[in-house]
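**Student:** Here you go, this is input.txt (compact mmCIF, C-alpha atoms).
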# COMPACT_ATOMS: atom_id res chain seq x y z
CA MET A 892 -34.83 -10.81 -15.49
CA PRO A 893 -31.63 -12.85 -15.06
CA GLN A 894 -30.21 -10.99 -18.07
CA LEU A 895 -31.10 -7.69 -16.42
CA VAL A 896 -29.41 -8.76 -13.20
CA LYS A 897 -26.32 -9.77 -15.19
CA SER A 898 -26.28 -6.41 -16.94
CA ILE A 899 -26.58 -4.55 -13.67
CA GLY A 900 -23.78 -6.68 -12.29
CA ALA A 901 -21.58 -5.92 -15.28
CA LEU A 902 -22.32 -2.22 -14.98
CA ALA A 903 -21.51 -2.30 -11.29
CA ALA A 904 -18.21 -4.02 -12.06
CA VAL A 905 -17.35 -1.35 -14.62
CA ALA A 906 -18.35 1.38 -12.17
CA VAL A 907 -16.11 -0.16 -9.52
CA LEU A 908 -13.18 -0.19 -11.92
CA ALA A 909 -13.93 3.32 -13.12
CA VAL A 910 -13.79 4.90 -9.68
CA GLY A 911 -10.98 2.69 -8.52
CA ILE A 912 -12.73 1.02 -5.59
CA SER A 913 -10.73 -1.92 -4.41
CA GLN A 914 -11.56 -4.46 -1.77
CA VAL A 915 -8.40 -3.88 0.18
CA SER A 916 -9.42 -1.41 2.85
CA ALA A 917 -7.65 -2.51 5.96
CA HIS A 918 -5.31 -2.04 8.83
CA HIS A 919 -2.21 -2.11 6.69
CA SER A 920 1.54 -2.00 7.13
CA ALA A 921 3.36 1.25 6.36
CA ALA A 922 6.24 -0.55 4.62
CA MET A 923 5.35 1.07 1.30
CA PHE A 924 6.88 4.25 2.72
CA ASP A 925 10.65 4.69 2.94
CA PHE A 926 11.47 5.29 6.60
CA SER A 927 15.13 5.91 5.80
CA LYS A 928 14.14 9.16 4.10
CA SER A 929 12.65 12.31 5.52
CA GLU A 930 11.32 15.09 3.31
CA THR A 931 9.59 18.39 4.00
CA ILE A 932 6.98 20.31 2.06
CA LYS A 933 5.34 23.65 2.65
CA GLY A 934 1.90 24.42 1.32
CA SER A 935 -1.82 24.81 1.96
CA VAL A 936 -4.13 22.23 3.46
CA MET A 937 -6.77 21.02 1.01
CA GLU A 938 -8.54 18.38 3.11
CA LEU A 939 -8.18 16.42 6.34
CA ARG A 940 -10.05 13.08 6.17
CA TRP A 941 -10.65 12.13 9.83
CA VAL A 942 -11.37 8.45 9.18
CA ASN A 943 -10.41 4.98 10.40
CA PRO A 944 -8.17 3.18 10.21
CA HIS A 945 -5.89 5.78 8.56
CA VAL A 946 -6.41 9.55 8.55
CA THR A 947 -5.22 11.40 5.45
CA VAL A 948 -4.36 15.03 4.80
CA THR A 949 -3.98 16.49 1.33
CA ILE A 950 -1.58 19.42 0.93
CA ASN A 951 -1.02 21.60 -2.11
CA GLY A 952 2.67 22.30 -1.70
CA SER A 953 6.25 21.84 -2.79
CA ARG A 954 9.58 20.71 -1.38
CA ASN A 955 11.43 23.88 -2.40
CA GLU A 956 10.89 27.17 -4.16
CA GLU A 957 11.98 25.79 -7.53
CA GLU A 958 9.41 23.00 -7.46
CA ALA A 959 5.92 23.73 -8.77
CA PRO A 960 3.21 23.26 -6.13
CA ALA A 961 1.36 19.96 -6.44
CA GLU A 962 -1.08 17.82 -4.47
CA TRP A 963 0.60 15.66 -1.85
CA LEU A 964 -1.41 12.94 -0.10
CA MET A 965 -0.20 12.11 3.41
CA GLU A 966 -1.34 9.12 5.43
CA MET A 967 -1.33 8.66 9.21
CA THR A 968 -2.65 6.36 11.93
CA SER A 969 -6.23 6.28 13.30
CA PRO A 970 -8.07 9.32 14.73
CA GLY A 971 -7.98 7.83 18.26
CA ASN A 972 -4.23 7.31 18.18
CA LEU A 973 -3.59 10.75 16.66
CA VAL A 974 -5.54 12.42 19.48
CA ARG A 975 -3.57 10.55 22.13
CA ALA A 976 -0.08 10.35 20.66
CA GLY A 977 0.08 13.47 18.54
CA GLY A 978 -2.30 16.05 20.04
CA TRP A 979 -4.50 16.06 16.95
CA ARG A 980 -8.13 17.12 16.70
CA ARG A 981 -10.68 16.75 13.94
CA ASP A 982 -10.24 20.49 13.34
CA ALA A 983 -6.47 20.58 13.89
CA VAL A 984 -6.10 21.93 10.37
CA LYS A 985 -8.61 23.46 8.02
CA PRO A 986 -8.58 23.97 4.25
CA GLY A 987 -6.37 26.93 3.41
CA ASP A 988 -4.13 26.66 6.50
CA LYS A 989 -0.48 27.16 5.62
CA VAL A 990 1.55 24.25 6.97
CA GLU A 991 4.92 22.55 6.94
CA VAL A 992 4.87 18.76 6.79
CA VAL A 993 7.72 16.36 7.50
CA PHE A 994 7.16 12.90 6.08
CA SER A 995 8.63 9.62 4.86
CA PRO A 996 7.97 9.46 1.13
CA LEU A 997 6.42 6.60 -0.78
CA ARG A 998 9.11 4.34 -2.24
CA GLU A 999 7.79 5.17 -5.72
CA PRO A 1000 9.41 8.61 -6.10
CA ASP A 1001 7.16 9.69 -8.97
CA LYS A 1002 4.10 9.56 -6.73
CA LYS A 1003 3.51 12.46 -4.36
CA MET A 1004 2.56 10.57 -1.22
CA GLY A 1005 4.02 10.02 2.19
CA LEU A 1006 3.63 8.89 5.77
CA LEU A 1007 3.26 12.07 7.83
CA LYS A 1008 5.64 12.39 10.77
CA GLN A 1009 4.99 15.98 11.85
CA LEU A 1010 2.78 18.87 10.80
CA THR A 1011 3.32 22.48 11.88
CA VAL A 1012 0.63 25.15 11.43
CA LEU A 1013 2.71 28.11 10.31
CA ALA A 1014 0.34 30.81 11.59
CA THR A 1015 0.27 29.51 15.17
CA GLY A 1016 3.37 27.34 15.44
CA GLU A 1017 1.18 24.48 16.69
CA VAL A 1018 2.88 21.12 16.11
CA PHE A 1019 1.14 17.77 15.60
CA THR A 1020 3.01 14.47 15.50
CA ALA A 1021 1.95 10.98 14.49
CA ASN A 1022 4.06 8.32 16.22
CA ILE A 1023 1.76 5.67 17.72
CA ARG A 1024 4.62 4.37 19.86
CA ASP A 1025 4.64 7.65 21.80
CA GLN A 1026 2.06 6.37 24.31
CA GLU A 1027 3.82 3.41 25.87
CA LYS A 1028 3.33 4.03 29.56
CA PRO A 1029 0.28 4.11 31.80
CA GLY A 1030 -1.45 7.14 33.22
CA LEU A 1031 -0.70 9.56 30.38
CA GLU A 1032 -2.22 13.03 30.62
CA MET B 604 -67.32 -53.36 14.68
CA SER B 605 -70.07 -52.47 17.13
CA GLY B 606 -71.28 -48.95 17.75
CA THR B 607 -70.42 -49.30 21.42
CA PHE B 608 -66.81 -50.18 20.60
CA VAL B 609 -66.41 -47.22 18.24
CA THR B 610 -67.85 -44.82 20.81
CA GLY B 611 -65.49 -46.19 23.46
CA LEU B 612 -62.48 -45.83 21.16
CA LEU B 613 -63.33 -42.22 20.34
CA ALA B 614 -63.80 -41.43 24.03
CA SER B 615 -60.40 -42.95 24.83
CA LEU B 616 -58.68 -40.98 22.08
CA LEU B 617 -60.34 -37.79 23.27
CA ALA B 618 -59.22 -38.45 26.85
CA VAL B 619 -55.65 -39.03 25.74
CA SER B 620 -55.74 -35.85 23.67
CA VAL B 621 -57.07 -33.74 26.57
CA ALA B 622 -54.53 -35.26 28.95
CA SER B 623 -51.76 -34.50 26.49
CA ALA B 624 -52.86 -30.88 26.16
CA GLN B 625 -53.00 -30.47 29.92
CA ALA B 626 -49.63 -32.17 30.69
CA PRO B 627 -47.16 -29.68 32.16
CA LYS B 628 -44.60 -28.62 29.55
CA LYS B 629 -40.91 -29.02 30.30
CA PRO B 630 -39.66 -25.58 31.37
CA PRO B 631 -37.21 -23.95 28.94
CA THR B 632 -33.56 -24.12 29.90
CA VAL B 633 -32.55 -20.68 31.12
CA ILE B 634 -28.87 -20.04 30.48
CA ASN B 635 -28.98 -16.29 30.95
CA PRO B 636 -30.76 -15.90 34.30
CA PRO B 637 -31.50 -12.42 35.63
CA PRO B 638 -28.62 -11.31 37.83
CA THR B 639 -29.26 -10.99 41.55
CA ALA B 640 -28.13 -8.13 43.76
CA GLN B 641 -25.46 -10.49 45.09
CA ASP B 642 -24.19 -11.10 41.53
CA TRP B 643 -23.64 -7.36 41.10
CA THR B 644 -22.01 -7.12 44.54
CA ASP B 645 -19.66 -9.98 43.71
CA LEU B 646 -18.30 -8.04 40.71
CA GLY B 647 -16.77 -5.61 43.19
CA LYS B 648 -14.53 -8.40 44.49
CA LEU B 649 -12.86 -8.83 41.09
CA PRO B 650 -9.63 -6.98 40.22
CA ASP B 651 -10.08 -3.47 38.85
CA TRP B 652 -9.63 -3.55 35.07
CA SER B 653 -11.44 -0.25 34.47
CA GLY B 654 -10.06 2.46 32.23
CA VAL B 655 -8.77 2.20 28.68
CA TRP B 656 -5.93 -0.15 27.72
CA ASN B 657 -3.54 0.67 24.88
CA PRO B 658 -1.05 -1.89 23.54
CA LYS B 659 2.73 -1.95 23.88
CA ILE B 660 3.38 -1.87 20.15
CA SER B 661 7.18 -1.81 20.48
CA ASP B 662 7.01 -5.20 22.21
CA GLN B 663 4.82 -6.57 19.41
CA ASP B 664 7.52 -5.36 17.00
CA ALA B 665 10.33 -6.92 19.04
CA GLN B 666 8.67 -10.33 19.33
CA VAL B 667 8.54 -10.71 15.55
CA LYS B 668 12.23 -11.63 15.87
CA THR B 669 12.62 -12.67 19.52
CA ASN B 670 9.64 -15.01 19.80
CA PRO B 671 8.40 -16.17 16.40
CA PRO B 672 5.62 -18.74 16.18
CA PRO B 673 6.80 -22.34 15.54
CA TRP B 674 5.55 -22.29 11.94
CA ASN B 675 5.50 -25.60 10.09
CA ASP B 676 7.63 -25.82 6.94
CA ALA B 677 4.93 -24.75 4.52
CA ALA B 678 3.86 -21.84 6.71
CA ALA B 679 7.46 -20.75 7.35
CA LYS B 680 8.09 -20.44 3.59
CA LYS B 681 5.01 -18.24 3.17
CA ILE B 682 5.99 -16.06 6.13
CA GLN B 683 9.53 -15.61 4.80
CA PHE B 684 8.05 -14.49 1.48
CA MET B 685 5.89 -11.96 3.33
CA PHE B 686 8.89 -10.59 5.23
CA ALA B 687 10.78 -10.22 1.92
CA GLU B 688 7.84 -8.44 0.33
CA GLU B 689 7.54 -6.10 3.31
CA LYS B 690 11.26 -5.32 3.15
CA ALA B 691 10.89 -4.53 -0.54
CA GLY B 692 8.09 -2.06 0.20
CA ARG B 693 5.29 -4.34 -0.97
CA PRO B 694 3.62 -5.29 2.34
CA ARG B 695 1.03 -8.04 2.00
CA LEU B 696 -2.43 -7.21 3.26
CA ILE B 697 -3.16 -9.54 6.14
CA PHE B 698 -6.28 -7.69 7.23
CA SER B 699 -8.25 -6.90 4.10
CA ASN B 700 -11.82 -5.91 3.40
CA CYS B 701 -12.10 -4.27 6.81
CA LEU B 702 -12.78 -7.64 8.39
CA PRO B 703 -11.96 -7.92 12.09
CA GLU B 704 -8.36 -8.70 12.97
CA ALA B 705 -10.07 -11.59 14.83
CA HIS B 706 -8.86 -13.66 17.74
CA PRO B 707 -6.04 -13.97 18.69
CA SER B 708 -4.52 -11.48 16.19
CA TRP B 709 -6.43 -8.59 17.76
CA MET B 710 -4.55 -9.28 20.99
CA LEU B 711 -1.26 -9.91 19.14
CA VAL B 712 -0.88 -7.00 16.71
CA THR B 713 -3.49 -4.33 17.42
CA HIS B 714 -2.37 -0.71 17.40
CA ASN B 715 -5.58 0.43 19.03
CA ALA B 716 -7.01 0.71 22.52
CA MET B 717 -9.67 -1.42 24.21
CA GLU B 718 -11.85 -1.40 27.31
CA ILE B 719 -13.05 -4.35 29.38
CA LEU B 720 -16.50 -4.50 30.97
CA PHE B 721 -17.52 -6.82 33.82
CA THR B 722 -21.18 -7.79 34.14
CA PRO B 723 -22.66 -10.83 35.94
CA GLY B 724 -21.66 -14.01 34.12
CA ARG B 725 -19.81 -12.20 31.38
CA ILE B 726 -16.73 -10.18 30.46
CA THR B 727 -16.80 -8.05 27.33
CA MET B 728 -13.81 -6.62 25.51
CA LEU B 729 -14.56 -3.65 23.26
CA GLY B 730 -11.85 -2.64 20.82
CA GLU B 731 -11.46 0.63 18.99
CA SER B 732 -11.15 1.16 15.26
CA ASP B 733 -13.18 -1.57 13.60
CA GLY B 734 -16.65 -0.99 14.95
CA ASN B 735 -17.02 -4.76 15.15
CA ARG B 736 -14.14 -5.53 17.46
CA ILE B 737 -15.88 -7.28 20.34
CA ARG B 738 -15.04 -10.31 22.47
CA ARG B 739 -17.68 -11.91 24.66
CA ILE B 740 -16.21 -14.13 27.37
CA TYR B 741 -18.80 -16.14 29.30
CA THR B 742 -17.92 -16.63 32.97
CA ASP B 743 -21.20 -18.22 34.05
CA GLY B 744 -19.89 -21.77 33.98
CA ARG B 745 -21.22 -22.78 30.58
CA GLY B 746 -19.14 -24.93 28.23
CA HIS B 747 -18.43 -24.49 24.55
CA PRO B 748 -21.33 -25.24 22.17
CA GLU B 749 -21.77 -28.86 21.13
CA VAL B 750 -22.15 -27.78 17.53
CA SER B 751 -19.38 -25.56 16.19
CA ASP B 752 -20.50 -22.21 14.76
CA PRO B 753 -17.23 -20.47 13.88
CA THR B 754 -16.88 -16.70 14.20
CA PHE B 755 -14.03 -14.20 13.93
CA HIS B 756 -13.58 -13.98 17.69
CA GLY B 757 -14.58 -17.56 18.42
CA HIS B 758 -16.48 -18.87 21.44
CA SER B 759 -14.84 -17.89 24.71
CA ILE B 760 -15.46 -19.21 28.20
CA GLY B 761 -13.58 -17.90 31.21
CA HIS B 762 -13.06 -18.46 34.90
CA TRP B 763 -11.05 -16.77 37.63
CA GLU B 764 -8.02 -18.38 39.24
CA GLY B 765 -7.28 -15.86 41.95
CA ASP B 766 -6.85 -12.53 40.17
CA THR B 767 -6.13 -14.18 36.82
CA LEU B 768 -8.83 -14.59 34.20
CA VAL B 769 -8.34 -17.85 32.30
CA VAL B 770 -10.02 -17.79 28.90
CA ASP B 771 -10.50 -20.72 26.55
CA THR B 772 -11.49 -19.94 22.97
CA VAL B 773 -12.48 -22.27 20.13
CA ASP B 774 -14.64 -22.06 17.00
CA ILE B 775 -12.63 -19.37 15.21
CA VAL B 776 -13.16 -19.12 11.44
CA PRO B 777 -10.36 -20.88 9.50
CA GLN B 778 -9.74 -17.71 7.48
CA ALA B 779 -8.80 -15.73 10.61
CA PRO B 780 -5.09 -14.98 10.33
CA LEU B 781 -2.51 -15.80 12.94
CA ALA B 782 -0.51 -12.60 12.50
CA VAL B 783 2.77 -11.35 13.91
CA SER B 784 2.44 -7.95 12.21
CA GLU B 785 0.17 -6.12 9.79
CA ALA B 786 2.26 -7.56 6.95
CA ALA B 787 2.97 -11.13 8.13
CA GLY B 788 0.37 -13.72 9.06
CA LEU B 789 -1.43 -16.77 7.72
CA PRO B 790 -4.96 -18.16 7.85
CA ASN B 791 -5.16 -20.59 10.76
CA ASN B 792 -6.96 -23.06 8.44
CA GLY B 793 -9.07 -24.53 11.23
CA ASP B 794 -8.98 -26.19 14.66
CA MET B 795 -7.31 -23.21 16.32
CA HIS B 796 -7.57 -23.17 20.11
CA VAL B 797 -6.40 -20.29 22.29
CA ILE B 798 -5.84 -20.32 26.04
CA GLU B 799 -5.18 -17.02 27.78
CA ARG B 800 -4.22 -16.07 31.31
CA ILE B 801 -4.97 -12.35 31.71
CA HIS B 802 -3.85 -10.53 34.83
CA LEU B 803 -2.48 -7.26 36.19
CA ALA B 804 1.32 -7.47 36.01
CA ASP B 805 1.49 -4.13 37.83
CA LYS B 806 -1.06 -1.59 39.05
CA ASP B 807 -1.64 -0.19 35.57
CA ILE B 808 -0.17 -2.92 33.36
CA LEU B 809 -2.39 -5.69 31.97
CA GLN B 810 -0.64 -8.81 30.69
CA ASP B 811 -2.21 -11.41 28.42
CA ASP B 812 -0.26 -14.70 28.40
CA LEU B 813 -1.42 -16.60 25.35
CA GLU B 814 -0.99 -20.21 24.32
CA ILE B 815 -2.01 -20.61 20.69
CA ILE B 816 -2.68 -24.07 19.31
CA ALA B 817 -3.01 -23.96 15.53
CA PRO B 818 -2.21 -27.48 14.28
CA LYS B 819 -2.61 -26.64 10.57
CA ILE B 820 0.20 -24.07 10.57
CA LEU B 821 2.25 -24.56 13.75
CA THR B 822 4.38 -27.54 14.80
CA LYS B 823 3.58 -27.02 18.48
CA PRO B 824 1.65 -24.57 20.67
CA TRP B 825 3.02 -21.03 20.60
CA LYS B 826 3.35 -19.17 23.88
CA THR B 827 3.57 -15.40 23.85
CA SER B 828 2.54 -12.44 26.01
CA ARG B 829 1.10 -9.06 25.25
CA ILE B 830 1.20 -5.91 27.37
CA PHE B 831 -1.40 -3.15 27.68
CA PHE B 832 -1.12 0.20 29.50
CA ARG B 833 -3.98 1.61 31.58
CA GLN B 834 -5.10 5.14 30.75
CA ARG B 835 -7.71 7.23 32.49
CA ALA B 836 -7.37 10.63 30.76
CA ARG B 837 -10.43 11.77 28.86
CA LYS B 838 -8.53 11.79 25.57
CA PHE B 839 -8.17 8.00 25.85
CA ASP B 840 -11.93 7.41 25.90
CA ILE B 841 -12.71 4.89 23.18
CA VAL B 842 -14.17 6.59 20.12
CA GLU B 843 -16.28 5.07 17.39
CA GLY B 844 -14.15 3.80 14.55
CA VAL B 845 -15.64 2.43 11.35
CA CYS B 846 -12.97 0.84 9.18
CA ALA B 847 -14.95 1.23 5.95
CA THR B 848 -14.83 5.03 6.21
CA GLY B 849 -11.17 4.72 5.26
CA ASP B 850 -12.38 3.88 1.76
CA LEU B 851 -14.59 6.95 1.57
CA ALA B 852 -14.51 10.74 1.47
CA GLU B 853 -17.21 13.08 2.79
CA ARG B 854 -18.83 14.98 -0.03
CA VAL B 855 -22.07 16.86 -0.85
CA ASP B 856 -23.84 15.49 -3.90
CA ALA B 857 -25.77 17.33 -6.63
CA ASN B 858 -28.92 17.17 -4.48
CA GLY B 859 -27.22 18.93 -1.62
CA ASP B 860 -27.08 15.76 0.48
CA ASN B 861 -24.12 14.74 2.64
CA VAL B 862 -22.78 11.48 1.23
CA PHE B 863 -19.71 9.27 1.23
CA VAL B 864 -17.91 8.65 -2.06
CA PRO B 865 -15.08 6.17 -2.71
CA VAL B 866 -11.41 7.04 -2.64
CA GLN B 867 -8.81 5.01 -4.50
CA LYS B 868 -6.62 2.52 -2.65
CA SER B 869 -3.45 0.71 -3.62
CA GLU B 870 -3.10 -3.05 -3.56
CA TRP B 871 -1.22 -2.63 -0.30
CA GLY B 872 -4.08 -0.71 1.30
CA HIS B 873 -2.98 2.89 1.46
CA THR B 874 -4.99 5.74 -0.05
CA VAL B 875 -3.64 6.91 -3.39
CA ALA B 876 -6.30 9.35 -4.62
CA VAL B 877 -9.14 11.30 -3.08
CA PRO B 878 -11.92 12.60 -5.35
CA ALA B 879 -12.10 16.37 -5.81
CA LYS B 880 -14.69 18.29 -3.82
Would you mind writing the file out in structure tokens?

**Tutor:**
Amino acid sequence: MPQLVKSIGALAAVAVLAVGISQVSAHHSAAMFDFSKSETIKGSVMELRWVNPHVTVTINGSRNEEEAPAEWLMEMTSPGNLVRAGGWRRDAVKPGDKVEVVFSPLREPDKKMGLLKQLTVLATGEVFTANIRDQEKPGLE
Amino acid sequence: MSGTFVTGLLASLLAVSVASAQAPKKPPTVINPPPTAQDWTDLGKLPDWSGVWNPKISDQDAQVKTNPPPWNDAAAKKIQFMFAEEKAGRPRLIFSNCLPEAHPSWMLVTHNAMEILFTPGRITMLGESDGNRIRRIYTDGRGHPEVSDPTFHGHSIGHWEGDTLVVDTVDIVPQAPLAVSEAAGLPNNGDMHVIERIHLADKDILQDDLEIIAPKILTKPWKTSRIFFRQRARKFDIVEGVCATGDLAERVDANGDNVFVPVQKSEWGHTVAVPAK
């Protein structure tokens, strides 16, 4: 039985490595993104993950017409803060929505990731922002 | 040994036994008595801390430079390294594994809102985003436990001095970080003691004046304040937040069941890949 337990443990460890689970989930700093830069992509929403502590939205898009469309993974703050500071909703965007996203890119330029600053739904013109410091006074509506 | 003596002995033992069984037991010590109507009425005399309170994050940011903790030499070197790493785009994970930010770091660096509930003998702080972000502050006159049983938020007792709630907290786990940001903080390493004076600085401004005594990493107590803004709009209602969902994506498995599957995270904590649908 101990051998079996060891084997299961080893398999679990391999499985963890295989799917890339890491024990680092957390409230983390955004310093991996380069705030001195601002880039824009246009594309289609693939998925909005409405989760704590950081919401993500995946866009299939490109920075300009010459660039081939690719998957871009954007990170944001928590759902609660996005609702209050940026006007977001769980259904703010849906898969297939055409959007424009302004973001600070990851400092590793070969990786298509960023910290989302603003998302515009092109069909409606609706704008969603993501600055948690935009709620620093009492009695906000 | 005569038969009469043995009979007498047995009778005596039996009498003692019966007496023992019938002796009134010492009543249990009740430390959480049922509240009276007066207890509930008295809550109405306390200051109004209702609503939802969100933190002044820009002031947290500013105090990193304007009011740093008096780190001891060893701690200061580690903190400087963390600042350098953050500047280089490699922010250290101070809050990993979705553990609570813990006390007092929740008060110091949170980006999320909280609400504060008054009930007889007790004040409860409920924070958003972790699912386990709760502080229980006993105001019924009890002391700290005689035997330490450390927790992330420690053991808190409070009393009112006018309209100021004075809170004394001990028994915080030594691993709980004393953090000045999400990328700079150190385990307190034990014996941390936090004294807070929480009061309304204005009608809708809550101020927490903290004195943090952390002898393993600080050279002297660190005094700092934190500001929270009162909100009453419906959109500020605290929502459930489960940190671990940040590691997961919603998917439907081969059986047609709704399940969570892992995403991939970087060593710094951000999401780097989401599995295909």

**Student:** Set the distance at 12 Å and use only C-alpha atoms: which residues neighbour Met923 of chain A once local chain neighbours fewer than 4 positions away are removed? I'd like the list as a compact mmCIF listing (two decimals) with C-alpha atoms, keeping the file's coordinate frame.

**Tutor:**
# COMPACT_ATOMS: atom_id res chain seq x y z
CA HIS A 919 -2.21 -2.11 6.69
CA SER A 927 15.13 5.91 5.80
CA GLU A 966 -1.34 9.12 5.43
CA SER A 995 8.63 9.62 4.86
CA PRO A 996 7.97 9.46 1.13
CA LEU A 997 6.42 6.60 -0.78
CA ARG A 998 9.11 4.34 -2.24
CA GLU A 999 7.79 5.17 -5.72
CA PRO A 1000 9.41 8.61 -6.10
CA LYS A 1002 4.10 9.56 -6.73
CA MET A 1004 2.56 10.57 -1.22
CA GLY A 1005 4.02 10.02 2.19
CA LEU A 1006 3.63 8.89 5.77
CA GLU B 688 7.84 -8.44 0.33
CA GLU B 689 7.54 -6.10 3.31
CA LYS B 690 11.26 -5.32 3.15
CA ALA B 691 10.89 -4.53 -0.54
CA GLY B 692 8.09 -2.06 0.20
CA ARG B 693 5.29 -4.34 -0.97
CA PRO B 694 3.62 -5.29 2.34
CA ARG B 695 1.03 -8.04 2.00
CA LEU B 696 -2.43 -7.21 3.26
CA ALA B 786 2.26 -7.56 6.95
CA SER B 869 -3.45 0.71 -3.62
CA GLU B 870 -3.10 -3.05 -3.56
CA TRP B 871 -1.22 -2.63 -0.30
CA GLY B 872 -4.08 -0.71 1.30
CA HIS B 873 -2.98 2.89 1.46
CA THR B 874 -4.99 5.74 -0.05
CA VAL B 875 -3.64 6.91 -3.39

**Student:** Select all residues from chain A having any atom no more than 7 Å from an atom of chain B (counting all atoms listed in the file, ignoring ligands), output as a PDB file with C-alpha atoms, in the frame of the given file.

**Tutor:**
ATOM      1  CA  GLY A 911     -10.980   2.690  -8.520  1.00  0.00           C
ATOM      2  CA  ILE A 912     -12.730   1.020  -5.590  1.00  0.00           C
ATOM      3  CA  SER A 913     -10.730  -1.920  -4.410  1.00  0.00           C
ATOM      4  CA  GLN A 914     -11.560  -4.460  -1.770  1.00  0.00           C
ATOM      5  CA  VAL A 915      -8.400  -3.880   0.180  1.00  0.00           C
ATOM      6  CA  SER A 916      -9.420  -1.410   2.850  1.00  0.00           C
ATOM      7  CA  ALA A 917      -7.650  -2.510   5.960  1.00  0.00           C
ATOM      8  CA  HIS A 918      -5.310  -2.040   8.830  1.00  0.00           C
ATOM      9  CA  HIS A 919      -2.210  -2.110   6.690  1.00  0.00           C
ATOM     10  CA  SER A 920       1.540  -2.000   7.130  1.00  0.00           C
ATOM     11  CA  ALA A 922       6.240  -0.550   4.620  1.00  0.00           C
ATOM     12  CA  MET A 923       5.350   1.070   1.300  1.00  0.00           C
ATOM     13  CA  PHE A 924       6.880   4.250   2.720  1.00  0.00           C
ATOM     14  CA  ARG A 940     -10.050  13.080   6.170  1.00  0.00           C
ATOM     15  CA  VAL A 942     -11.370   8.450   9.180  1.00  0.00           C
ATOM     16  CA  ASN A 943     -10.410   4.980  10.400  1.00  0.00           C
ATOM     17  CA  PRO A 944      -8.170   3.180  10.210  1.00  0.00           C
ATOM     18  CA  HIS A 945      -5.890   5.780   8.560  1.00  0.00           C
ATOM     19  CA  GLY A 971      -7.980   7.830  18.260  1.00  0.00           C
ATOM     20  CA  VAL A 974      -5.540  12.420  19.480  1.00  0.00           C
ATOM     21  CA  ARG A 975      -3.570  10.550  22.130  1.00  0.00           C
ATOM     22  CA  ARG A 998       9.110   4.340  -2.240  1.00  0.00           C
ATOM     23  CA  ARG A1024       4.620   4.370  19.860  1.00  0.00           C
ATOM     24  CA  GLU A1027       3.820   3.410  25.870  1.00  0.00           C
ATOM     25  CA  LYS A1028       3.330   4.030  29.560  1.00  0.00           C
ATOM     26  CA  PRO A1029       0.280   4.110  31.800  1.00  0.00           C
ATOM     27  CA  GLY A1030      -1.450   7.140  33.220  1.00  0.00           C
ATOM     28  CA  LEU A1031      -0.700   9.560  30.380  1.00  0.00           C
ATOM     29  CA  GLU A1032      -2.220  13.030  30.620  1.00  0.00           C
TER      30      GLU A1032
END

**Student:** To one decimal place, how far is atom CA of Lys681 of chain B from atom CA of Ile1023 of chain A in Å?

**Tutor:**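 According to the coordinates, atom CA of Lys681 of chain B and atom CA of Ile1023 of chain A are separated by 28.2 Å.
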
**Student:** Here is a test: counting all atoms listed in the file, which residue of A:Glu991, A:Glu957, A:Glu1017, A:Asp1001 is nearest to Gly978 of chain A?

**Tutor:** A:Glu1017

**Student:** For a quick check of understanding, using all atoms listed in the file, which of B:His706, B:Val855, B:Leu711, B:Leu720 has the smallest distance to Pro671 of chain B?

**Tutor:**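 Smallest separation from Pro671 of chain B among the options: B:Leu711.
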
**Student:** Point out the residue among B:Ala779, B:Leu729, B:Val797, B:Met717 with the least atom-to-atom distance to Ile760 of chain B, counting all atoms listed in the file.

**Tutor:**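 The answer is B:Val797, which sits nearest to Ile760 of chain B.
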
**Student:** Counting all atoms listed in the file, write as an MDAnalysis selection string all protein and nucleic acid residues lying at most 9 Å from (-14.0, -16.4, 28.7) in the file's frame.

**Tutor:** chainID B and resid 725:727 738:742 758:762 768:772 799

**Student:** First collect every listed atom of segment 833-845 of chain B; then fit an axis-aligned box around them, widen it by 4 Å on each side, and give centre and edge lengths in Å to one decimal, as lines of an AutoDock Vina configuration file.

**Tutor:**
center_x = -10.1
center_y = 6.7
center_z = 21.9
size_x = 20.3
size_y = 18.2
size_z = 29.1

**Student:** So, counting all atoms listed in the file, which residue among A:Val1012, A:Pro986, A:Pro970, A:Lys928 is closest to Thr949 of chain A?

**Tutor:**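 So, comparing all the options, the nearest one is A:Pro986.
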
**Student:** Can you work out the spacing between atom CA of Val862 of chain B and atom CA of Asn972 of chain A in Å, to one decimal?

**Tutor:**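 Separation between atom CA of Val862 of chain B and atom CA of Asn972 of chain A: 25.5 Å.
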
**Student:** Can you pull out the residues contacting Pro723 of chain B? Cut-off 8 Å, using only C-alpha atoms, and skip same-chain residues under 2 positions away; I want them as a VMD selection string.

**Tutor:** chain B and resid 638 642 to 643 646 721 725 743

**Student:** May I ask for the distance between atom CA of Glu749 of chain B and atom CA of His796 of chain B, given in Å to one decimal place?

**Tutor:**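 About the pair atom CA of Glu749 of chain B and atom CA of His796 of chain B: they are 15.3 Å apart.
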